[in-house]
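Novice: File follows, target_31.txt with compact mmCIF, C-alpha atoms:
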# COMPACT_ATOMS: atom_id res chain seq x y z
CA MET T 6 25.36 201.99 -3.52
CA TYR T 7 22.25 203.95 -2.62
CA ALA T 8 20.31 206.50 -4.68
CA ILE T 9 17.80 209.01 -3.35
CA VAL T 10 15.16 210.12 -5.85
CA ARG T 11 11.89 212.00 -5.50
CA ASP T 12 8.65 212.04 -7.47
CA LEU T 13 7.57 215.06 -9.48
CA PRO T 14 4.76 217.04 -7.85
CA SER T 15 1.59 217.93 -9.77
CA ASN T 16 2.62 221.62 -9.74
CA PHE T 17 6.05 220.97 -11.30
CA VAL T 18 5.23 223.49 -14.04
CA LYS T 19 5.51 226.25 -11.40
CA CYS T 20 9.17 225.47 -10.71
CA VAL T 21 11.87 228.12 -10.39
CA THR T 22 13.50 228.36 -13.81
CA SER T 23 15.51 230.78 -15.92
CA VAL T 24 14.12 229.23 -19.11
CA ASN T 25 11.43 231.14 -20.98
CA ASN T 26 8.76 228.50 -21.55
CA ASN T 27 5.97 230.80 -22.77
CA ASP T 28 6.01 229.42 -26.32
CA ASN T 29 6.74 225.84 -25.32
CA PRO T 30 5.47 225.19 -21.78
CA ILE T 31 6.41 222.19 -19.68
CA ASP T 32 4.32 219.12 -20.47
CA LEU T 33 3.68 217.67 -17.00
CA ASP T 34 2.73 214.17 -18.16
CA LEU T 35 5.80 213.95 -20.39
CA ALA T 36 8.00 215.32 -17.60
CA LYS T 37 6.76 212.57 -15.26
CA LYS T 38 7.39 209.90 -17.90
CA GLN T 39 10.91 211.20 -18.53
CA HIS T 40 11.63 211.22 -14.81
CA ASP T 41 10.22 207.69 -14.44
CA ASP T 42 12.47 206.50 -17.29
CA TYR T 43 15.46 208.08 -15.53
CA VAL T 44 14.66 206.34 -12.24
CA ASP T 45 14.11 203.02 -14.02
CA VAL T 46 17.60 203.17 -15.54
CA ILE T 47 19.16 204.00 -12.17
CA LYS T 48 17.37 201.02 -10.62
CA GLN T 49 19.21 198.72 -13.04
CA HIS T 50 22.58 199.89 -11.68
CA VAL T 51 22.00 200.91 -8.06
CA LYS T 52 21.00 198.23 -5.55
CA HIS T 53 19.19 200.41 -3.02
CA ILE T 54 16.72 203.09 -4.14
CA VAL T 55 15.22 205.43 -1.55
CA LYS T 56 12.20 207.06 -3.16
CA VAL T 57 10.84 210.16 -1.45
CA PRO T 58 7.21 211.18 -2.10
CA ALA T 59 6.63 214.43 -3.95
CA ASP T 60 6.12 217.57 -1.88
CA GLU T 61 3.16 219.37 -3.42
CA GLU T 62 4.16 222.64 -1.77
CA HIS T 63 7.51 222.67 -3.56
CA PRO T 64 7.43 222.42 -7.38
CA ASP T 65 11.22 221.87 -7.63
CA CYS T 66 11.39 219.05 -5.08
CA CYS T 67 12.43 216.38 -7.61
CA PHE T 68 15.81 218.13 -7.95
CA VAL T 69 17.14 216.40 -4.85
CA GLU T 70 20.82 216.96 -5.64
CA ASP T 71 20.58 220.56 -4.42
CA THR T 72 19.39 219.66 -0.94
CA ALA T 73 22.39 217.79 0.48
CA VAL T 74 26.06 216.94 -0.02
CA VAL T 75 27.38 213.53 1.03
CA VAL T 76 31.02 212.52 1.45
CA GLY T 77 31.64 209.11 2.95
CA ASP T 78 29.57 208.64 6.10
CA ARG T 79 28.78 212.32 6.56
CA ALA T 80 26.03 214.46 5.02
CA ILE T 81 25.24 218.14 5.21
CA ILE T 82 21.74 219.51 4.72
CA ASN T 83 22.12 222.59 2.54
CA TYR T 84 20.52 226.00 2.89
CA LEU T 85 19.40 226.51 -0.68
CA GLY T 86 20.03 229.69 -2.63
CA ALA T 87 16.41 230.01 -3.77
CA GLU T 88 14.34 230.93 -0.73
CA SER T 89 11.22 229.22 -2.07
CA ARG T 90 13.03 225.85 -2.09
CA ARG T 91 14.47 225.79 1.41
CA ASN T 92 11.81 223.62 3.00
CA GLU T 93 12.40 220.82 0.48
CA VAL T 94 15.21 219.51 2.64
CA SER T 95 13.17 217.82 5.39
CA GLY T 96 12.07 214.94 3.17
CA ILE T 97 15.64 214.36 2.03
CA GLU T 98 16.99 214.45 5.58
CA ASN T 99 14.51 211.73 6.51
CA ALA T 100 15.70 209.68 3.53
CA LEU T 101 19.34 210.09 4.56
CA LYS T 102 18.47 208.78 8.02
CA GLU T 103 17.30 205.54 6.38
CA ILE T 104 20.71 204.90 4.83
CA PRO T 105 22.97 202.87 7.16
CA VAL T 106 26.26 204.20 5.80
CA ILE T 107 25.33 207.74 6.84
CA LYS T 108 26.54 208.17 10.42
CA ASN T 109 26.47 211.94 10.82
CA ILE T 110 24.13 214.63 9.46
CA VAL T 111 24.82 218.33 10.00
CA HIS T 112 22.89 221.44 8.95
CA MET T 113 24.48 224.29 7.06
CA HIS T 114 22.14 226.92 8.47
CA GLU T 115 23.12 225.95 12.02
CA ILE T 116 26.82 226.29 11.23
CA ASP T 117 26.48 229.68 9.49
CA PRO T 118 23.05 231.34 9.05
CA GLU T 119 24.42 233.47 6.19
CA ALA T 120 25.66 230.51 4.15
CA THR T 121 23.75 229.38 1.04
CA LEU T 122 24.59 226.43 -1.17
CA ASP T 123 22.98 224.27 -3.84
CA GLY T 124 24.29 220.75 -4.35
CA GLY T 125 24.36 221.41 -8.08
CA ASP T 126 27.39 223.59 -7.37
CA VAL T 127 29.29 220.71 -5.74
CA LEU T 128 31.26 217.98 -7.50
CA TYR T 129 32.73 215.18 -5.40
CA THR T 130 34.96 212.98 -7.53
CA GLY T 131 36.02 210.57 -4.81
CA LYS T 132 39.39 212.32 -4.68
CA HIS T 133 38.48 216.00 -4.38
CA LEU T 134 35.45 218.11 -3.52
CA PHE T 135 34.94 221.11 -5.80
CA VAL T 136 32.43 223.81 -4.93
CA GLY T 137 31.54 226.48 -7.46
CA LEU T 138 30.47 229.91 -6.31
CA SER T 139 27.32 230.99 -8.14
CA HIS T 140 24.17 233.05 -7.77
CA ARG T 141 22.85 230.22 -5.54
CA THR T 142 26.04 229.33 -3.63
CA ASN T 143 27.92 232.02 -1.72
CA GLU T 144 31.39 232.12 -0.24
CA LYS T 145 30.12 231.39 3.25
CA GLY T 146 28.50 228.24 1.89
CA SER T 147 31.82 227.10 0.48
CA GLU T 148 33.49 227.83 3.82
CA VAL T 149 30.96 225.59 5.59
CA LEU T 150 31.77 222.75 3.20
CA LEU T 151 35.46 223.28 3.89
CA LYS T 152 34.84 222.98 7.63
CA THR T 153 32.56 219.98 7.21
CA PHE T 154 34.57 217.83 4.81
CA SER T 155 38.22 218.92 4.88
CA ASP T 156 39.07 215.91 7.06
CA LYS T 157 37.57 213.64 4.36
CA CYS T 158 39.21 215.07 1.23
CA PRO T 159 40.68 218.29 -0.21
CA VAL T 160 37.98 220.95 -0.76
CA TYR T 161 38.58 223.47 -3.53
CA VAL T 162 36.55 226.58 -4.40
CA ILE T 163 35.88 227.42 -8.08
CA LYS T 164 35.19 231.13 -8.58
CA SER T 165 35.06 231.61 -12.35
CA LEU T 166 31.37 230.63 -12.58
CA LEU T 167 30.38 234.00 -11.12
CA SER T 168 31.20 235.63 -14.46
CA ASN T 169 29.02 233.15 -16.38
CA ASP T 170 25.25 232.81 -16.67
CA ALA T 171 25.18 229.07 -15.93
CA LEU T 172 22.86 228.21 -13.05
CA HIS T 173 25.19 225.70 -11.38
CA PHE T 174 28.79 224.50 -11.49
CA LYS T 175 27.66 221.09 -12.73
CA CYS T 176 25.98 222.69 -15.73
CA ILE T 177 29.56 223.18 -16.91
CA VAL T 178 31.36 220.09 -15.62
CA SER T 179 30.50 216.54 -14.53
CA MET T 180 32.48 213.39 -13.84
CA LEU T 181 32.99 210.08 -15.58
CA ASN T 182 35.23 208.69 -12.84
CA ASP T 183 37.76 209.87 -10.28
CA ASN T 184 40.21 211.07 -12.93
CA THR T 185 38.06 212.01 -15.95
CA LEU T 186 35.73 215.01 -16.22
CA LEU T 187 33.41 216.22 -18.98
CA VAL T 188 33.44 219.98 -19.56
CA THR T 189 31.63 222.43 -21.82
CA ASP T 190 33.93 223.54 -24.63
CA HIS T 191 33.45 227.29 -24.33
CA GLU T 192 34.87 230.10 -22.23
CA ALA T 193 33.20 229.08 -18.96
CA GLY T 194 34.42 225.52 -19.33
CA HIS T 195 37.93 226.62 -20.20
CA LYS T 196 38.10 228.77 -17.06
CA VAL T 197 36.87 225.86 -14.94
CA ILE T 198 39.56 223.62 -16.41
CA ASP T 199 42.21 226.21 -15.57
CA GLU T 200 41.00 226.50 -11.97
CA ILE T 201 40.81 222.74 -11.45
CA LYS T 202 44.31 222.33 -12.88
CA SER T 203 45.62 225.07 -10.58
CA TYR T 204 44.56 222.90 -7.64
CA THR T 205 45.15 219.37 -8.87
CA GLY T 206 47.76 219.63 -11.65
CA ASP T 207 47.38 216.90 -14.25
CA HIS T 208 45.24 214.58 -12.11
CA TYR T 209 42.19 214.95 -14.39
CA THR T 210 41.69 214.25 -18.06
CA PHE T 211 39.11 216.62 -19.57
CA ILE T 212 36.69 215.62 -22.32
CA LYS T 213 35.30 218.73 -23.99
CA LEU T 214 31.74 218.79 -25.33
CA PRO T 215 30.48 221.44 -27.77
CA GLU T 216 27.15 222.00 -25.95
CA GLN T 217 26.41 222.84 -22.33
CA VAL T 218 23.38 220.67 -21.53
CA PRO T 219 25.01 217.30 -22.41
CA SER T 220 28.13 218.25 -20.43
CA ASN T 221 26.18 217.03 -17.43
CA ILE T 222 26.14 213.21 -17.44
CA LEU T 223 25.18 210.72 -14.75
CA SER T 224 27.94 208.19 -14.20
CA LEU T 225 27.17 204.84 -12.56
CA ASP T 226 29.07 201.61 -11.85
CA GLY T 227 32.30 203.48 -11.23
CA GLY T 228 32.18 205.12 -14.65
CA LYS T 229 31.38 201.93 -16.57
CA PHE T 230 27.81 203.07 -17.37
CA VAL T 231 26.70 206.58 -18.29
CA ILE T 232 23.35 208.25 -18.86
CA TYR T 233 23.58 211.19 -21.25
CA GLN T 234 21.20 213.67 -22.81
CA LYS T 235 19.54 212.66 -26.06
CA ASP T 236 18.99 215.03 -29.02
CA PHE T 237 22.35 216.81 -28.91
CA PRO T 238 24.02 215.15 -31.92
CA ASN T 239 27.25 217.17 -31.89
CA SER T 240 27.98 216.25 -28.28
CA GLU T 241 26.71 212.71 -28.80
CA LYS T 242 29.44 212.13 -31.39
CA VAL T 243 32.08 213.09 -28.82
CA ILE T 244 30.47 211.00 -26.08
CA ILE T 245 30.30 207.90 -28.27
CA GLU T 246 33.88 208.29 -29.47
CA GLN T 247 35.48 209.25 -26.15
CA LEU T 248 33.42 207.13 -23.76
CA LYS T 249 32.16 204.12 -25.69
CA ASN T 250 34.82 203.63 -28.37
CA GLN T 251 37.93 204.68 -26.46
CA ARG T 252 36.99 203.71 -22.90
CA GLY T 253 34.45 200.91 -23.29
CA VAL T 254 31.73 202.74 -21.34
CA GLN T 255 28.14 201.51 -21.75
CA LEU T 256 25.84 204.36 -22.73
CA LYS T 257 22.16 205.15 -22.36
CA ALA T 258 20.64 208.24 -23.98
CA LEU T 259 17.56 209.73 -22.34
CA CYS T 260 15.39 212.57 -23.57
CA MET T 261 14.84 214.91 -20.60
CA SER T 262 13.40 217.84 -22.56
CA GLU T 263 10.76 218.80 -20.00
CA LEU T 264 13.20 218.80 -17.09
CA ILE T 265 15.63 220.90 -19.14
CA LYS T 266 12.86 223.50 -19.33
CA ALA T 267 12.99 223.55 -15.51
CA ASP T 268 16.79 224.10 -15.47
CA GLY T 269 17.18 220.41 -14.66
CA ALA T 270 20.25 218.36 -15.55
CA LEU T 271 20.83 214.62 -15.24
CA THR T 272 22.64 214.75 -11.91
CA CYS T 273 19.93 217.01 -10.43
CA CYS T 274 17.38 214.25 -9.89
CA SER T 275 19.38 211.91 -7.67
CA ILE T 276 21.80 211.76 -4.77
CA LEU T 277 24.22 208.85 -5.16
CA ILE T 278 25.80 207.45 -2.00
Can the structure in the file be given as structure tokens, please?
Specialist:
Amino acid sequence: MYAIVRDLPSNFVKCVTSVNNNDNPIDLDLAKKQHDDYVDVIKQHVKHIVKVPADEEHPDCCFVEDTAVVVGDRAIINYLGAESRRNEVSGIENALKEIPVIKNIVHMHEIDPEATLDGGDVLYTGKHLFVGLSHRTNEKGSEVLLKTFSDKCPVYVIKSLLSNDALHFKCIVSMLNDNTLLVTDHEAGHKVIDEIKSYTGDHYTFIKLPEQVPSNILSLDGGKFVIYQKDFPNSEKVIIEQLKNQRGVQLKALCMSELIKADGALTCCSILI
């Protein structure tokens, strides 16, 4: 397996975020330490790490997940929903070119100039590719993914997120493995479950978490090891019971408080291939 990660820039505090940080601003040094801790854990479970230097012109550049979607040997370079972030993609495209398993790279903007898509709205489980429409990902973006990957796996569009204030689809749902998903246990999560079931029937087991932030986990080693968000005790109880006790999953809790202030989730800071 390969993982693409990217350093935090010195102007990370200027990132695009919906979080009001006036009373508790981002601590840059702590954010860098938290990100370094995250990368160090990934290094223990992923053989090949491709580390991209920070782009000082783009405060959000560490959130590499948004820039590309990879299925098998094919990658698409996204046209991000936030205009200020669109030039982040060049560094990630160069990184993808270093990875031998990637044989074909296409560009969303060349396929449809009106398409926008953030990778945080895309969940590839190994069986299905789900794309959530959001304020960052439009219908034309989902249509480009359908054209690009429908020969690789079924591609399904999730529309219920448009009625919710979550930034991305994967703020609501993430994967443990190819048949188990973690979902926020509130209205938005319930609607996502209903839509996924309408496409895939009973293929997936859903683990419901009481809080949104820890609903985004990073699953490694085929679901045998999971990084989850520290300091959410109600969700931690569910994670320990459902993942560790019932499924034998190894767990690692990380505090990512400063990246949360930047609308960052655990999957945001890496592309796993």
Novice: Determine, using all atoms listed in the file, which residues of stretch 54-86 of chain T have any atom at most 9 Å from an atom of stretch 15-24 of chain T, and tabulate each with its shortest atom pair and distance in Å to one decimal place, rows ordered by chain and then rising number, as JSON lines.
Specialist:
{"residue": "T:Ala59", "atom": "CA", "partner": "T:Ser15", "partner_atom": "CA", "distance": 8.5}
{"residue": "T:Glu61", "atom": "CA", "partner": "T:Ser15", "partner_atom": "CA", "distance": 6.7}
{"residue": "T:Glu62", "atom": "CA", "partner": "T:Asn16", "partner_atom": "CA", "distance": 8.2}
{"residue": "T:His63", "atom": "CA", "partner": "T:Cys20", "partner_atom": "CA", "distance": 7.9}
{"residue": "T:Pro64", "atom": "CA", "partner": "T:Phe17", "partner_atom": "CA", "distance": 4.4}
{"residue": "T:Asp65", "atom": "CA", "partner": "T:Cys20", "partner_atom": "CA", "distance": 5.2}
{"residue": "T:Cys66", "atom": "CA", "partner": "T:Phe17", "partner_atom": "CA", "distance": 8.4}
{"residue": "T:Cys67", "atom": "CA", "partner": "T:Phe17", "partner_atom": "CA", "distance": 8.7}
Novice: Go through T:Ala36, T:Ala8, T:Ile212, T:Leu166 and flag the residue nearest T:Arg252, using only C-alpha atoms for the distances.
Specialist: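 Distance minimum relative to T:Arg252 lands on T:Ile212.
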Novice: Please identify all polymer residues within 8 Å of T:Leu271, counting all atoms listed in the file, omitting same-chain residues fewer than 3 positions from it, and present them as a compact mmCIF listing (two decimals) with C-alpha atoms, keeping the file's coordinate frame.
Specialist:
# COMPACT_ATOMS: atom_id res chain seq x y z
CA ASN T 221 26.18 217.03 -17.43
CA ILE T 222 26.14 213.21 -17.44
CA LEU T 223 25.18 210.72 -14.75
CA ILE T 232 23.35 208.25 -18.86
CA TYR T 233 23.58 211.19 -21.25
CA GLN T 234 21.20 213.67 -22.81
CA CYS T 274 17.38 214.25 -9.89
Novice: What gap, in Å, lies between atom CA of T:Asn26 and atom CA of T:Leu172?
Specialist: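 Distance reported for this atom pair: 16.5 Å.
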Novice: Record the distance separating atom CA of T:Glu98 and atom CA of T:Leu138, expressed in Å with one decimal.
Specialist: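 Interatomic distance here is 23.7 Å.
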Novice: Could you check which of T:Lys175, T:Lys213, T:Lys38, T:His208 is closest to T:Glu192, using all atoms listed in the file?
Specialist: T:Lys213
Novice: Using all atoms listed in the file, tabulate the residues of stretch 126-204 of chain T lying at most 9 Å from any atom of stretch 76-82 of chain T, each with its closest atom pair and that distance in Å to one decimal, by chain and increasing residue number, as CSV.
Specialist:
residue,atom,partner,partner_atom,distance
T:Tyr129,CA,T:Val76,CA,7.5
T:Gly131,CA,T:Val76,CA,8.2
T:Leu134,CA,T:Val76,CA,8.7
T:Leu150,CA,T:Ile81,CA,8.2
T:Thr153,CA,T:Ile81,CA,7.8
T:Phe154,CA,T:Val76,CA,7.2
T:Lys157,CA,T:Val76,CA,7.3
T:Cys158,CA,T:Val76,CA,8.6
Novice: Which one is closest to T:Glu148: T:Thr121, T:Ser95, T:Thr210, T:Ser179? Count all atoms listed in the file.
Specialist: T:Thr121
Novice: Residues around (24.3, 235.5, -9.5), cut-off 12 Å, counting all atoms listed in the file - what are they as a list of chain:residue names?
Specialist: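 The residues that fall inside the cut-off are T:Ser23, T:Gly86, T:Ala87, T:Gly137, T:Leu138, T:Ser139, T:His140, T:Arg141, T:Thr142, T:Asn143, T:Lys164, T:Ser165, T:Leu166, T:Leu167, T:Ser168, T:Asn169, T:Asp170, T:Ala171, T:Leu172, T:His173.
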Novice: Find the residue from T:Ile201, T:Met113, T:Leu13, T:Leu277 that sits nearest to T:Leu35; use all atoms listed in the file when measuring.
Specialist: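 That would be T:Leu13, the residue with the smallest distance to T:Leu35.
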Novice: Choose the residue, out of T:Thr189, T:Ala100, T:Ile177, T:Asn83, that has the smallest atom-to-atom separation from T:Gly146; count only C-alpha atoms.
Specialist: T:Asn83
Novice: Could you check which of T:Leu214, T:Thr72, T:His53, T:Asp12 is closest to T:Glu246, using only C-alpha atoms?
Specialist: T:Leu214
Novice: Counting all atoms listed in the file, what is within 12 Å of T:Val10, bar same-chain residues fewer than 5 positions away, as a PyMOL selection string?
Specialist: chain T and resi 40-41+43-45+47-48+51+53-59+66-72+96-97+100-101+271-278
Novice: Please report the interatomic distance between atom CA of T:Asp183 and atom CA of T:Thr130 in Å with one decimal.
Specialist: 5.0 Å
Novice: Which residues, written as a ChimeraX atom specification, have at least one atom at most 12 Å from T:Tyr204, with only C-alpha atoms counted and residues fewer than 5 positions away on the same chain left out?
Specialist: /T:133-135,159-163,197-199,209
Novice: Excluding T:Glu263 and its own-chain neighbours fewer than 4 positions away, which residues fall within 8 Å of it when counting all atoms listed in the file? Please give them as a list in words.
Specialist: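 Here the qualifying residues turn out to be Ile31, Asp32, Leu33, Leu35, Ala36, Gln39 and Ala267 of chain T.
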Novice: If I only want stretch 104-125 of chain T, can you write it with N, CA, C and O atoms, as a short mmCIF file (atom, residue, chain, number, x, y, z; two decimals), in the first residue's frame?
Specialist:
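Produced file part_26.cif, reproduced below:
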data_model
loop_
_atom_site.label_atom_id
_atom_site.label_comp_id
_atom_site.auth_asym_id
_atom_site.auth_seq_id
_atom_site.Cartn_x
_atom_site.Cartn_y
_atom_site.Cartn_z
N ILE T 104 3.89 6.74 -8.17
CA ILE T 104 3.36 5.48 -7.64
C ILE T 104 3.15 4.49 -8.78
O ILE T 104 2.32 4.72 -9.67
N PRO T 105 3.88 3.40 -8.81
CA PRO T 105 3.87 2.49 -9.97
C PRO T 105 2.51 1.89 -10.30
O PRO T 105 2.25 1.59 -11.46
N VAL T 106 1.67 1.70 -9.29
CA VAL T 106 0.38 1.04 -9.56
C VAL T 106 -0.59 1.96 -10.30
O VAL T 106 -1.58 1.50 -10.86
N ILE T 107 -0.30 3.26 -10.30
CA ILE T 107 -1.16 4.21 -11.02
C ILE T 107 -0.74 4.24 -12.49
O ILE T 107 0.36 4.67 -12.82
N LYS T 108 -1.61 3.78 -13.36
CA LYS T 108 -1.30 3.69 -14.79
C LYS T 108 -1.97 4.80 -15.61
O LYS T 108 -1.55 5.06 -16.74
N ASN T 109 -2.98 5.42 -15.06
CA ASN T 109 -3.76 6.39 -15.84
C ASN T 109 -4.24 7.51 -14.93
O ASN T 109 -4.85 7.25 -13.89
N ILE T 110 -3.96 8.76 -15.30
CA ILE T 110 -4.41 9.93 -14.56
C ILE T 110 -5.22 10.83 -15.49
O ILE T 110 -4.73 11.20 -16.57
N VAL T 111 -6.43 11.14 -15.10
CA VAL T 111 -7.28 12.03 -15.88
C VAL T 111 -7.62 13.26 -15.05
O VAL T 111 -7.45 13.26 -13.83
N HIS T 112 -8.11 14.31 -15.72
CA HIS T 112 -8.41 15.57 -15.05
C HIS T 112 -9.90 15.90 -15.19
O HIS T 112 -10.42 15.96 -16.31
N MET T 113 -10.53 16.11 -14.07
CA MET T 113 -11.96 16.40 -14.07
C MET T 113 -12.29 17.62 -14.91
O MET T 113 -13.26 17.63 -15.67
N HIS T 114 -11.51 18.67 -14.76
CA HIS T 114 -11.83 19.93 -15.44
C HIS T 114 -11.76 19.78 -16.96
O HIS T 114 -12.45 20.49 -17.69
N GLU T 115 -10.94 18.85 -17.44
CA GLU T 115 -10.86 18.61 -18.88
C GLU T 115 -12.05 17.80 -19.39
O GLU T 115 -12.44 17.92 -20.55
N ILE T 116 -12.63 17.00 -18.52
CA ILE T 116 -13.79 16.19 -18.91
C ILE T 116 -15.05 17.04 -18.91
O ILE T 116 -15.88 16.94 -19.82
N ASP T 117 -15.22 17.88 -17.87
CA ASP T 117 -16.37 18.78 -17.79
C ASP T 117 -15.95 20.01 -17.00
O ASP T 117 -15.76 19.94 -15.78
N PRO T 118 -15.80 21.17 -17.66
CA PRO T 118 -15.34 22.38 -16.98
C PRO T 118 -16.28 22.88 -15.89
O PRO T 118 -15.89 23.71 -15.07
N GLU T 119 -17.53 22.41 -15.90
CA GLU T 119 -18.50 22.86 -14.89
C GLU T 119 -18.56 21.92 -13.69
O GLU T 119 -19.28 22.18 -12.73
N ALA T 120 -17.81 20.85 -13.73
CA ALA T 120 -17.83 19.87 -12.64
C ALA T 120 -16.94 20.33 -11.49
O ALA T 120 -15.83 20.81 -11.70
N THR T 121 -17.42 20.18 -10.25
CA THR T 121 -16.60 20.39 -9.05
C THR T 121 -16.75 19.18 -8.15
O THR T 121 -17.82 18.56 -8.08
N LEU T 122 -15.67 18.84 -7.46
CA LEU T 122 -15.73 17.69 -6.56
C LEU T 122 -14.57 17.74 -5.58
O LEU T 122 -13.44 18.03 -5.95
N ASP T 123 -14.88 17.48 -4.31
CA ASP T 123 -13.87 17.29 -3.27
C ASP T 123 -13.81 15.80 -2.92
O ASP T 123 -14.85 15.15 -2.76
N GLY T 124 -12.60 15.29 -2.75
CA GLY T 124 -12.46 13.88 -2.40
C GLY T 124 -13.09 13.51 -1.07
O GLY T 124 -13.40 12.34 -0.83
N GLY T 125 -13.29 14.50 -0.20
CA GLY T 125 -13.97 14.24 1.06
C GLY T 125 -15.42 13.84 0.89
O GLY T 125 -16.05 13.35 1.83
#
